[in-house]
file coords11.csv (CSV, C-alpha atoms and all ligand atoms)
chain,number,residue,atom,x,y,z
A,1,MET,CA,-0.8,-54.6,-163.8
A,2,PRO,CA,-1.6,-58.0,-165.1
A,3,ARG,CA,-0.2,-60.9,-163.0
A,4,PRO,CA,1.7,-63.3,-165.3
A,5,ASP,CA,1.2,-66.1,-162.8
A,6,LEU,CA,-2.5,-66.0,-163.6
A,7,PRO,CA,-3.8,-67.8,-166.7
A,8,ILE,CA,-4.6,-66.3,-170.0
A,9,ILE,CA,-8.1,-66.9,-171.0
A,10,LEU,CA,-8.3,-68.7,-174.4
A,11,THR,CA,-11.8,-67.9,-175.8
A,12,CYS,CA,-13.3,-70.7,-177.9
A,13,GLY,CA,-14.3,-68.5,-180.8
A,14,GLU,CA,-16.6,-70.1,-183.5
A,15,PRO,CA,-17.0,-73.7,-182.3
A,16,ALA,CA,-17.8,-74.9,-185.9
A,17,GLY,CA,-14.3,-73.7,-186.9
A,18,ILE,CA,-10.8,-74.9,-186.0
A,19,GLY,CA,-10.8,-73.3,-182.6
A,20,PRO,CA,-11.8,-76.4,-180.5
A,21,GLU,CA,-9.1,-78.6,-182.1
A,22,LEU,CA,-6.4,-75.9,-181.6
A,23,ALA,CA,-7.1,-75.6,-177.8
A,24,PRO,CA,-5.5,-78.9,-176.7
A,25,LYS,CA,-2.7,-78.4,-179.2
A,26,ALA,CA,-2.0,-75.0,-177.7
A,27,LEU,CA,-0.8,-76.7,-174.5
A,28,ALA,CA,2.6,-76.9,-176.4
A,29,ALA,CA,2.9,-73.1,-175.7
A,30,GLY,CA,4.0,-74.0,-172.2
A,31,VAL,CA,2.3,-71.0,-170.7
A,32,PRO,CA,-0.6,-71.0,-168.2
A,33,PHE,CA,-4.0,-70.7,-170.0
A,34,VAL,CA,-7.6,-71.8,-169.5
A,35,PHE,CA,-10.0,-72.6,-172.4
A,36,LEU,CA,-13.2,-70.8,-172.0
A,37,GLY,CA,-16.0,-72.6,-173.9
A,38,ASP,CA,-18.1,-75.7,-174.1
A,39,PRO,CA,-16.0,-78.8,-173.4
A,40,SER,CA,-18.4,-80.9,-175.6
A,41,HIS,CA,-16.9,-79.0,-178.6
A,42,LEU,CA,-13.4,-80.3,-177.9
A,43,PRO,CA,-12.1,-83.2,-180.1
A,44,GLN,CA,-13.0,-86.6,-178.9
A,45,GLY,CA,-10.4,-88.0,-176.5
A,46,THR,CA,-9.3,-84.6,-175.3
A,47,GLU,CA,-8.1,-84.9,-171.7
A,48,TRP,CA,-9.6,-81.9,-169.9
A,49,GLN,CA,-10.5,-80.8,-166.4
A,50,GLU,CA,-12.9,-78.1,-165.3
A,51,VAL,CA,-11.4,-75.3,-163.2
A,52,GLU,CA,-13.3,-72.7,-161.3
A,53,ASP,CA,-10.5,-71.1,-159.3
A,54,LEU,CA,-8.3,-69.2,-161.8
A,55,SER,CA,-5.5,-68.8,-159.2
A,56,ALA,CA,-5.1,-72.6,-159.0
A,57,PRO,CA,-1.7,-73.8,-160.3
A,58,LEU,CA,-1.3,-74.6,-164.0
A,59,PRO,CA,-0.5,-76.6,-166.0
A,60,LEU,CA,-2.7,-79.4,-164.7
A,61,PRO,CA,-1.2,-82.8,-164.1
A,62,GLN,CA,-1.0,-85.3,-167.0
A,63,GLY,CA,-1.2,-82.5,-169.6
A,64,LYS,CA,-4.9,-82.0,-169.2
A,65,LEU,CA,-6.5,-78.9,-170.7
A,66,ALA,CA,-7.9,-76.6,-168.1
A,67,VAL,CA,-11.5,-75.6,-169.0
A,68,LEU,CA,-13.6,-72.8,-167.7
A,69,ARG,CA,-17.0,-74.1,-168.6
A,70,HIS,CA,-19.4,-72.1,-170.8
A,71,ASP,CA,-22.2,-74.3,-172.1
A,72,PHE,CA,-23.6,-73.6,-175.5
A,73,PRO,CA,-27.3,-74.0,-176.3
A,74,ALA,CA,-27.1,-76.1,-179.5
A,75,PRO,CA,-25.0,-79.0,-180.8
A,76,ASN,CA,-22.0,-78.1,-182.9
A,77,LEU,CA,-21.4,-79.2,-186.4
A,78,PHE,CA,-17.9,-78.6,-187.8
A,79,GLY,CA,-17.9,-76.4,-190.9
A,80,ARG,CA,-21.4,-75.1,-190.3
A,81,PRO,CA,-21.8,-72.3,-187.8
A,82,GLU,CA,-25.0,-72.9,-185.8
A,83,PRO,CA,-27.0,-69.6,-185.5
A,84,ARG,CA,-28.3,-70.6,-182.1
A,85,ASN,CA,-24.8,-70.7,-180.8
A,86,ALA,CA,-23.8,-67.2,-182.0
A,87,GLN,CA,-24.8,-65.3,-178.9
A,88,ALA,CA,-22.8,-67.7,-176.7
A,89,VAL,CA,-19.7,-67.0,-178.8
A,90,ILE,CA,-20.2,-63.3,-178.2
A,91,ASP,CA,-20.9,-63.9,-174.4
A,92,VAL,CA,-17.6,-65.9,-174.1
A,93,ILE,CA,-15.6,-62.9,-175.3
A,94,ALA,CA,-17.4,-60.6,-172.9
A,95,ARG,CA,-16.8,-63.0,-170.0
A,96,ALA,CA,-13.1,-63.2,-170.8
A,97,VAL,CA,-12.8,-59.5,-170.9
A,98,ASP,CA,-14.5,-59.2,-167.5
A,99,LEU,CA,-12.0,-61.7,-166.1
A,100,ALA,CA,-9.1,-59.8,-167.5
A,101,MET,CA,-10.4,-56.3,-166.5
A,102,SER,CA,-11.1,-57.5,-163.0
A,103,GLY,CA,-7.5,-58.8,-162.6
A,104,GLN,CA,-8.5,-62.5,-162.4
A,105,ALA,CA,-6.7,-63.4,-165.6
A,106,ALA,CA,-3.4,-62.2,-167.1
A,107,GLY,CA,-5.0,-61.4,-170.4
A,108,ILE,CA,-7.0,-62.9,-173.2
A,109,CYS,CA,-6.2,-64.8,-176.3
A,110,THR,CA,-9.1,-65.1,-178.7
A,111,LEU,CA,-9.7,-68.1,-181.1
A,112,PRO,CA,-11.2,-66.9,-184.3
A,113,ILE,CA,-14.8,-65.9,-184.8
A,114,ASN,CA,-16.8,-66.0,-188.0
A,115,LYS,CA,-18.0,-62.5,-188.4
A,116,GLU,CA,-20.7,-63.3,-190.8
A,117,ALA,CA,-22.1,-66.1,-188.6
A,118,LEU,CA,-22.3,-63.7,-185.6
A,119,LYS,CA,-24.0,-61.0,-187.6
A,120,THR,CA,-26.6,-63.3,-189.1
A,121,GLY,CA,-27.0,-65.5,-185.9
A,122,ALA,CA,-27.1,-62.8,-183.2
A,123,GLY,CA,-27.1,-59.4,-185.0
A,124,PHE,CA,-23.5,-58.8,-183.8
A,125,PRO,CA,-22.9,-55.1,-184.6
A,126,PHE,CA,-19.1,-55.2,-184.7
A,127,PRO,CA,-17.0,-56.2,-187.7
A,128,GLY,CA,-14.4,-58.0,-185.5
A,129,HIS,CA,-13.0,-58.6,-182.1
A,130,THR,CA,-11.0,-55.5,-182.2
A,131,GLU,CA,-14.0,-53.2,-182.4
A,132,TYR,CA,-16.0,-55.2,-179.9
A,133,LEU,CA,-13.1,-55.3,-177.4
A,134,ALA,CA,-12.7,-51.5,-177.7
A,135,HIS,CA,-16.4,-51.2,-176.9
A,136,LEU,CA,-16.2,-53.6,-173.9
A,137,ALA,CA,-13.3,-51.4,-172.7
A,138,GLY,CA,-15.5,-48.4,-172.6
A,139,GLY,CA,-14.7,-47.0,-176.0
A,140,ALA,CA,-10.9,-47.3,-175.8
A,141,ASP,CA,-8.8,-46.0,-178.8
A,142,VAL,CA,-7.3,-49.1,-180.2
A,143,VAL,CA,-5.5,-50.4,-183.3
A,144,MET,CA,-4.9,-53.9,-184.6
A,145,MET,CA,-1.3,-55.0,-185.0
A,146,LEU,CA,-0.2,-58.2,-186.7
A,147,ALA,CA,3.3,-59.2,-185.6
A,148,SER,CA,5.5,-62.0,-187.0
A,149,THR,CA,7.4,-64.2,-184.7
A,150,THR,CA,9.5,-66.3,-187.0
A,151,VAL,CA,11.0,-63.9,-189.6
A,152,THR,CA,14.0,-61.6,-189.4
A,153,PRO,CA,13.8,-58.7,-189.6
A,154,PRO,CA,10.3,-58.9,-188.0
A,155,CYS,CA,7.2,-57.8,-189.9
A,156,ARG,CA,4.8,-55.8,-187.7
A,157,VAL,CA,2.0,-54.0,-189.4
A,158,VAL,CA,-0.9,-51.8,-188.2
A,159,PRO,CA,-3.7,-51.0,-190.6
A,160,ALA,CA,-4.9,-47.5,-189.7
A,161,THR,CA,-8.4,-48.4,-191.0
A,162,ILE,CA,-9.5,-51.9,-190.3
A,163,HIS,CA,-12.7,-53.8,-191.3
A,164,ILE,CA,-14.2,-51.4,-193.8
A,165,ALA,CA,-14.9,-51.6,-197.5
A,166,LEU,CA,-12.1,-50.5,-199.8
A,167,GLU,CA,-14.2,-47.8,-201.3
A,168,GLU,CA,-14.6,-46.3,-197.8
A,169,VAL,CA,-10.8,-46.1,-197.1
A,170,PRO,CA,-10.1,-42.7,-198.7
A,171,ARG,CA,-13.0,-41.1,-196.7
A,172,GLN,CA,-12.1,-42.8,-193.4
A,173,LEU,CA,-8.4,-42.4,-193.6
A,174,THR,CA,-8.1,-38.9,-192.1
A,175,PRO,CA,-5.1,-37.1,-190.5
A,176,GLU,CA,-6.7,-37.8,-187.1
A,177,VAL,CA,-7.1,-41.5,-187.7
A,178,LEU,CA,-3.6,-41.9,-189.0
A,179,GLU,CA,-2.1,-39.8,-186.2
A,180,LYS,CA,-4.0,-41.9,-183.6
A,181,ALA,CA,-2.7,-45.1,-185.2
A,182,ILE,CA,0.9,-43.8,-185.1
A,183,ARG,CA,0.7,-42.7,-181.5
A,184,ILE,CA,-0.9,-45.9,-180.2
A,185,THR,CA,1.6,-48.0,-182.1
A,186,HIS,CA,4.5,-45.9,-180.7
A,187,ALA,CA,3.3,-46.3,-177.1
A,188,ALA,CA,2.8,-50.0,-177.5
A,189,MET,CA,6.2,-50.7,-179.1
A,190,ARG,CA,7.7,-49.1,-176.0
A,191,ARG,CA,5.5,-50.8,-173.4
A,192,ASP,CA,4.9,-54.2,-174.9
A,193,PHE,CA,7.8,-54.8,-177.3
A,194,GLY,CA,10.6,-53.3,-175.2
A,195,ILE,CA,11.7,-50.9,-178.0
A,196,ALA,CA,12.7,-47.6,-176.4
A,197,GLU,CA,12.8,-45.5,-179.5
A,198,PRO,CA,10.5,-47.2,-182.0
A,199,ARG,CA,11.0,-46.5,-185.7
A,200,ILE,CA,7.7,-46.4,-187.5
A,201,ALA,CA,7.3,-46.4,-191.3
A,202,VAL,CA,4.1,-45.0,-192.7
A,203,ALA,CA,2.7,-46.4,-195.9
A,204,GLY,CA,1.2,-44.1,-198.5
A,205,LEU,CA,-2.4,-44.8,-199.7
A,206,ASN,CA,-1.8,-44.6,-203.4
A,207,PRO,CA,0.5,-46.5,-205.8
A,208,HIS,CA,4.1,-45.2,-205.5
A,209,ALA,CA,2.8,-43.1,-202.6
A,210,GLY,CA,1.1,-40.9,-205.1
A,211,GLU,CA,4.3,-40.1,-207.0
A,212,ASN,CA,4.1,-36.4,-206.2
A,213,GLY,CA,0.4,-36.2,-207.0
A,214,VAL,CA,0.5,-38.0,-210.3
A,215,MET,CA,-1.4,-41.0,-208.8
A,216,GLY,CA,-3.3,-39.6,-205.9
A,217,ARG,CA,-3.0,-36.6,-203.6
A,218,GLN,CA,-3.4,-37.7,-200.0
A,219,GLU,CA,0.3,-38.0,-199.6
A,220,ILE,CA,1.1,-34.5,-200.6
A,221,ASP,CA,-2.2,-32.9,-199.3
A,222,TRP,CA,-1.7,-34.0,-195.7
A,223,MET,CA,0.3,-37.1,-195.0
A,224,ARG,CA,3.7,-35.5,-195.4
A,225,ALA,CA,2.7,-32.6,-193.1
A,226,LEU,CA,1.4,-34.9,-190.4
A,227,ILE,CA,4.6,-37.0,-190.5
A,228,ALA,CA,6.7,-33.8,-190.4
A,229,ASP,CA,4.7,-32.5,-187.3
A,230,LEU,CA,5.2,-35.8,-185.5
A,231,ARG,CA,8.9,-35.9,-186.4
A,232,ALA,CA,9.2,-32.5,-184.9
A,233,GLU,CA,7.7,-33.9,-181.7
A,234,GLY,CA,10.5,-36.6,-181.6
A,235,PHE,CA,8.8,-39.5,-183.4
A,236,ALA,CA,11.2,-41.6,-185.6
A,237,LEU,CA,9.0,-41.7,-188.6
A,238,SER,CA,9.6,-42.5,-192.3
A,239,GLY,CA,7.1,-42.1,-195.1
A,240,PRO,CA,4.7,-41.8,-196.7
A,241,LEU,CA,6.4,-44.8,-198.4
A,242,PRO,CA,5.3,-46.7,-201.5
A,243,ALA,CA,3.7,-49.8,-199.9
A,244,ASP,CA,4.9,-52.2,-202.6
A,245,THR,CA,8.6,-51.8,-201.7
A,246,MET,CA,8.5,-51.5,-197.9
A,247,PHE,CA,8.1,-55.1,-196.9
A,248,HIS,CA,11.1,-57.0,-198.3
A,249,ALA,CA,13.8,-57.8,-195.7
A,250,PRO,CA,16.2,-54.9,-196.3
A,251,ALA,CA,13.3,-52.4,-196.1
A,252,ARG,CA,11.9,-54.0,-192.9
A,253,ALA,CA,15.3,-53.6,-191.3
A,254,ARG,CA,14.8,-49.9,-191.4
A,255,TYR,CA,11.8,-49.8,-189.1
A,256,ASP,CA,10.1,-51.6,-186.1
A,257,ALA,CA,6.5,-51.3,-187.2
A,258,ALA,CA,4.6,-50.2,-190.3
A,259,VAL,CA,1.4,-48.2,-190.1
A,260,CYS,CA,-0.6,-48.9,-193.2
A,261,ALA,CA,-3.6,-47.2,-194.8
A,262,TYR,CA,-5.9,-50.2,-195.0
A,263,HIS,CA,-6.4,-53.9,-194.0
A,264,ASP,CA,-5.0,-55.7,-197.0
A,265,GLN,CA,-2.0,-53.4,-197.5
A,266,ALA,CA,-1.0,-54.4,-194.0
A,267,LEU,CA,-2.1,-58.0,-193.7
A,268,ILE,CA,-1.0,-59.4,-197.1
A,269,PRO,CA,2.8,-59.0,-196.3
A,270,ILE,CA,2.6,-60.5,-192.8
A,271,LYS,CA,0.4,-63.4,-193.8
A,272,THR,CA,2.7,-64.1,-196.8
A,273,LEU,CA,5.8,-63.9,-194.7
A,274,ASP,CA,4.7,-65.6,-191.5
A,275,PHE,CA,1.2,-67.1,-191.8
A,276,SER,CA,1.9,-69.8,-189.2
A,277,GLY,CA,3.8,-67.5,-186.8
A,278,GLY,CA,1.8,-64.3,-187.1
A,279,VAL,CA,0.0,-62.9,-184.0
A,280,ASN,CA,-2.8,-60.4,-183.9
A,281,VAL,CA,-2.5,-58.1,-181.0
A,282,THR,CA,-4.8,-55.2,-180.1
A,283,LEU,CA,-2.9,-52.2,-179.0
A,284,GLY,CA,-4.4,-49.5,-176.7
A,285,LEU,CA,-6.7,-51.8,-174.6
A,286,PRO,CA,-6.5,-51.6,-170.8
A,287,PHE,CA,-5.9,-55.4,-170.8
A,288,ILE,CA,-3.8,-57.8,-172.9
A,289,ARG,CA,-5.4,-59.4,-176.0
A,290,THR,CA,-3.7,-61.5,-178.6
A,291,SER,CA,-5.0,-63.9,-181.2
A,292,PRO,CA,-3.8,-66.2,-184.0
A,293,ASP,CA,-3.6,-64.4,-187.3
A,294,HIS,CA,-5.9,-66.8,-189.1
A,295,GLY,CA,-9.6,-67.2,-189.2
A,296,THR,CA,-12.1,-70.0,-188.6
A,297,ALA,CA,-10.9,-72.2,-191.5
A,298,LEU,CA,-14.4,-73.8,-191.8
A,299,ASP,CA,-13.1,-75.8,-194.8
A,300,ILE,CA,-10.8,-77.9,-192.7
A,301,ALA,CA,-12.5,-77.8,-189.3
A,302,GLY,CA,-12.9,-81.0,-187.3
A,303,ARG,CA,-10.3,-82.9,-189.3
A,304,GLY,CA,-7.5,-82.4,-186.8
A,305,ILE,CA,-5.1,-81.0,-189.4
A,306,ALA,CA,-5.2,-77.3,-188.3
A,307,ASP,CA,-1.7,-75.8,-187.6
A,308,ALA,CA,-1.5,-74.6,-184.0
A,309,ASP,CA,1.7,-72.5,-184.4
A,310,SER,CA,-0.1,-69.2,-184.6
A,311,VAL,CA,-2.2,-69.7,-181.5
A,312,ILE,CA,0.9,-71.0,-179.7
A,313,ALA,CA,2.8,-67.9,-180.7
A,314,ALA,CA,-0.2,-65.8,-179.6
A,315,LEU,CA,-0.4,-67.3,-176.1
A,316,ARG,CA,3.4,-66.9,-175.7
A,317,MET,CA,3.2,-63.3,-176.8
A,318,ALA,CA,0.3,-62.6,-174.3
A,319,HIS,CA,2.3,-64.2,-171.5
A,320,ASP,CA,5.5,-62.2,-172.4
A,321,MET,CA,3.4,-59.0,-172.5
A,322,ALA,CA,2.1,-59.8,-169.0
A,323,ASN,CA,5.6,-60.3,-167.7
A,324,ARG,CA,6.9,-57.1,-169.3
A,325,ARG,CA,4.1,-55.0,-167.9
B,401,LIG,N1,-9.4,-63.1,-185.2
B,401,LIG,C1,-10.5,-63.5,-185.8
B,401,LIG,O1,-11.5,-63.8,-185.2
B,401,LIG,C2,-10.4,-63.7,-187.3
B,401,LIG,C3,-11.5,-64.2,-187.9
B,401,LIG,N2,-11.5,-64.4,-189.3
B,401,LIG,C4,-12.8,-64.9,-189.9
B,401,LIG,O2,-12.6,-66.2,-190.3
B,401,LIG,C5,-13.5,-66.5,-191.3
B,401,LIG,C6,-12.8,-67.2,-192.4
B,401,LIG,O3,-11.8,-66.3,-193.0
B,401,LIG,P1,-10.8,-66.6,-194.2
B,401,LIG,O4,-10.6,-65.4,-194.9
B,401,LIG,O5,-11.4,-67.8,-195.0
B,401,LIG,O6,-9.5,-67.0,-193.5
B,401,LIG,P2,-9.0,-68.3,-192.8
B,401,LIG,O7,-7.7,-67.9,-192.1
B,401,LIG,O8,-10.0,-68.9,-191.9
B,401,LIG,O9,-8.7,-69.4,-193.9
B,401,LIG,C7,-7.9,-69.1,-195.0
B,401,LIG,C8,-7.2,-70.4,-195.5
B,401,LIG,O10,-6.2,-70.7,-194.7
B,401,LIG,C9,-6.4,-72.0,-194.1
B,401,LIG,N3,-6.0,-72.0,-192.7
B,401,LIG,C10,-6.4,-71.0,-191.8
B,401,LIG,N4,-5.9,-71.3,-190.6
B,401,LIG,C11,-5.2,-72.4,-190.7
B,401,LIG,C12,-4.5,-73.2,-189.7
B,401,LIG,N5,-4.4,-72.9,-188.5
B,401,LIG,N6,-4.0,-74.4,-190.2
B,401,LIG,C13,-4.1,-74.7,-191.5
B,401,LIG,N7,-4.8,-74.0,-192.4
B,401,LIG,C14,-5.3,-72.9,-192.0
B,401,LIG,C15,-7.9,-72.3,-194.3
B,401,LIG,O11,-8.1,-73.7,-194.3
B,401,LIG,C16,-8.2,-71.6,-195.6
B,401,LIG,O12,-7.8,-72.4,-196.7
B,401,LIG,C17,-14.2,-65.2,-191.7
B,401,LIG,O13,-15.4,-65.1,-191.1
B,401,LIG,C18,-13.2,-64.1,-191.1
B,401,LIG,O14,-13.9,-63.0,-190.8
B,401,LIG,C19,-10.4,-64.1,-190.0
B,401,LIG,C20,-9.3,-63.7,-189.5
B,401,LIG,C21,-9.2,-63.5,-188.0
B,402,LIG,N1,-8.1,-60.1,-190.8
B,402,LIG,C1,-7.9,-59.9,-189.4
B,402,LIG,C2,-9.1,-60.0,-188.6
B,402,LIG,O1,-10.2,-60.1,-189.2
B,402,LIG,C3,-9.0,-60.0,-187.2
B,402,LIG,O2,-9.9,-59.3,-186.7
B,402,LIG,P1,-10.3,-59.3,-185.1
B,402,LIG,O3,-11.4,-60.2,-185.0
B,402,LIG,O4,-9.1,-59.6,-184.3
B,402,LIG,O5,-10.8,-57.9,-184.9
call {"tool": "encode", "arguments": {"input": "coords11.csv", "output": "structure tokens", "more": "lines below"}}
Ligand SMILES: NC(=O)C1=CN([C@@H]2O[C@H](COP(=O)(O)OP(=O)(O)OC[C@H]3O[C@@H](n4cnc5c(N)ncnc54)[C@H](O)[C@@H]3O)[C@@H](O)[C@H]2O)C=CC1
Ligand SMILES: NCC(=O)COP(=O)(O)O
result
Amino acid sequence: MPRPDLPIILTCGEPAGIGPELAPKALAAGVPFVFLGDPSHLPQGTEWQEVEDLSAPLPLPQGKLAVLRHDFPAPNLFGRPEPRNAQAVIDVIARAVDLAMSGQAAGICTLPINKEALKTGAGFPFPGHTEYLAHLAGGADVVMMLASTTVTPPCRVVPATIHIALEEVPRQLTPEVLEKAIRITHAAMRRDFGIAEPRIAVAGLNPHAGENGVMGRQEIDWMRALIADLRAEGFALSGPLPADTMFHAPARARYDAAVCAYHDQALIPIKTLDFSGGVNVTLGLPFIRTSPDHGTALDIAGRGIADADSVIAALRMAHDMANRR
């Protein structure tokens, strides 16, 4: 069980992006966390203090940022990821996971990585944190959820396939993959969101959910049968639903989470409804992991204008999850 009195580890992510400037702003979350990264990447004038003992009380006096030091090999230039720093970005994530899995931290909250920079700089073989974290957890079955924090009814979405090319989706979206996403989502809604009988809506793959086979057959070939089987087990499921009409407010009021067929089907509604309050949470891991919903924003990095609301919401959600567990 995670100890909510212990800090959440906030990993630095890509230092050339907006991560370093978000870290001091994230103190507004009011929950105990420690920044894991190179303090030389923090904005000039940041008041910080190195910590070694994660059980020491937080927050630090005078609003200082607590830093668990992880020095990077090369200087940082905002907006331009440095290939020599790519491996350190990856190592920081692995170090944070070690701390969470060994019970020294309440969980982790990851600042964004630039997937292309890690692939070109260090041959990172994973398309995102989600897949890397599953690997670090010994091959856990996980799914990615993005959850709003400022809209009512809430928008919580899970793409059953994640970081793959659109042309791969019909091949990789199998009954097994969709069933796994539904089961993991159901369990996490109960454990981490306190919803005893979660209602889950399942999006179809095709326009109009195939319209009875006129615009695609996955819905009638296997989705309906899978949903019926799971309903018979007691799951409160609806679908397969046409994705274009399931995200407006009255539709969202009818479910607690939506399991979608692919990345953009799921992420466009939440990032449109709640870009600054959206939280990315990995479901199915043996430790808590949240993240802001946005990326590295290289176009504005280092200018001090990045909005910290999403990382603040992510830290609070991780802390709430630790308390609930
Ligand atoms: N969890 C993670 O590590 C994530 C990483 N990424 C990575 O980030 C990189 C850039 O991805 P993009 O698609 O360009 O998305 P992005 O979210 O980095 O940027 C999209 C637009 O939103 C703006 N924006 C993003 N966050 C903002 C903030 N906090 N305050 C103000 N404006 C903000 C940016 O300036 C840009 O105009 C890619 O390498 C992607 O893979 C993307 C999403 C999540
Ligand atoms: N678009 C969401 C995203 O890329 C987040 O991925 P991850 O790094 O959390 O796996």
call {"tool": "residues_near_ligand", "arguments": {"input": "coords11.csv", "ligand": "ligand LIG 401 (chain B)", "cutoff": "9 Å", "atoms": "all atoms listed in the file", "output": "number ranges by chain"}}
result
A: 13-14, 17-19, 22, 110-118, 127-130, 275-276, 280, 290-301, 305-311
call {"tool": "closest_residue", "arguments": {"input": "coords11.csv", "among": "A:His163, A:His186, A:Arg231, A:Arg303", "to": "Ala261 (chain A)", "atoms": "all atoms listed in the file"}}
result
A:His163
call {"tool": "atom_distance", "arguments": {"input": "coords11.csv", "atom1": "CA of Glu50 (chain A)", "atom2": "CA of Ala29 (chain A)"}}
result
19.6 Å
call {"tool": "atom_distance", "arguments": {"input": "coords11.csv", "atom1": "CA of Val177 (chain A)", "atom2": "CA of Pro207 (chain A)"}}
result
20.3 Å
call {"tool": "atom_distance", "arguments": {"input": "coords11.csv", "atom1": "CA of Glu131 (chain A)", "atom2": "CA of Val97 (chain A)"}}
result
13.2 Å
call {"tool": "decode", "arguments": {"input": "coords11.csv", "residues": "region 254-272 of chain A", "atoms": "C-alpha atoms", "output": "short mmCIF file (atom, residue, chain, number, x, y, z; two decimals), in the first residue's frame"}}
result
data_model
loop_
_atom_site.label_atom_id
_atom_site.label_comp_id
_atom_site.auth_asym_id
_atom_site.auth_seq_id
_atom_site.Cartn_x
_atom_site.Cartn_y
_atom_site.Cartn_z
CA ARG A 254 -24.74 8.15 -18.75
CA TYR A 255 -21.32 6.62 -18.01
CA ASP A 256 -18.26 6.95 -15.76
CA ALA A 257 -15.56 6.05 -18.29
CA ALA A 258 -15.41 5.53 -22.03
CA VAL A 259 -13.26 2.80 -23.56
CA CYS A 260 -12.37 3.87 -27.07
CA ALA A 261 -10.88 2.12 -30.07
CA TYR A 262 -7.82 4.27 -30.64
CA HIS A 263 -5.75 7.20 -29.37
CA ASP A 264 -7.34 10.20 -31.05
CA GLN A 265 -10.92 8.94 -30.67
CA ALA A 266 -10.29 9.09 -26.92
CA LEU A 267 -7.95 12.03 -26.51
CA ILE A 268 -9.57 14.61 -28.75
CA PRO A 269 -12.70 14.93 -26.58
CA ILE A 270 -10.83 15.25 -23.30
CA LYS A 271 -8.19 17.63 -24.59
CA THR A 272 -10.94 19.76 -26.13
#
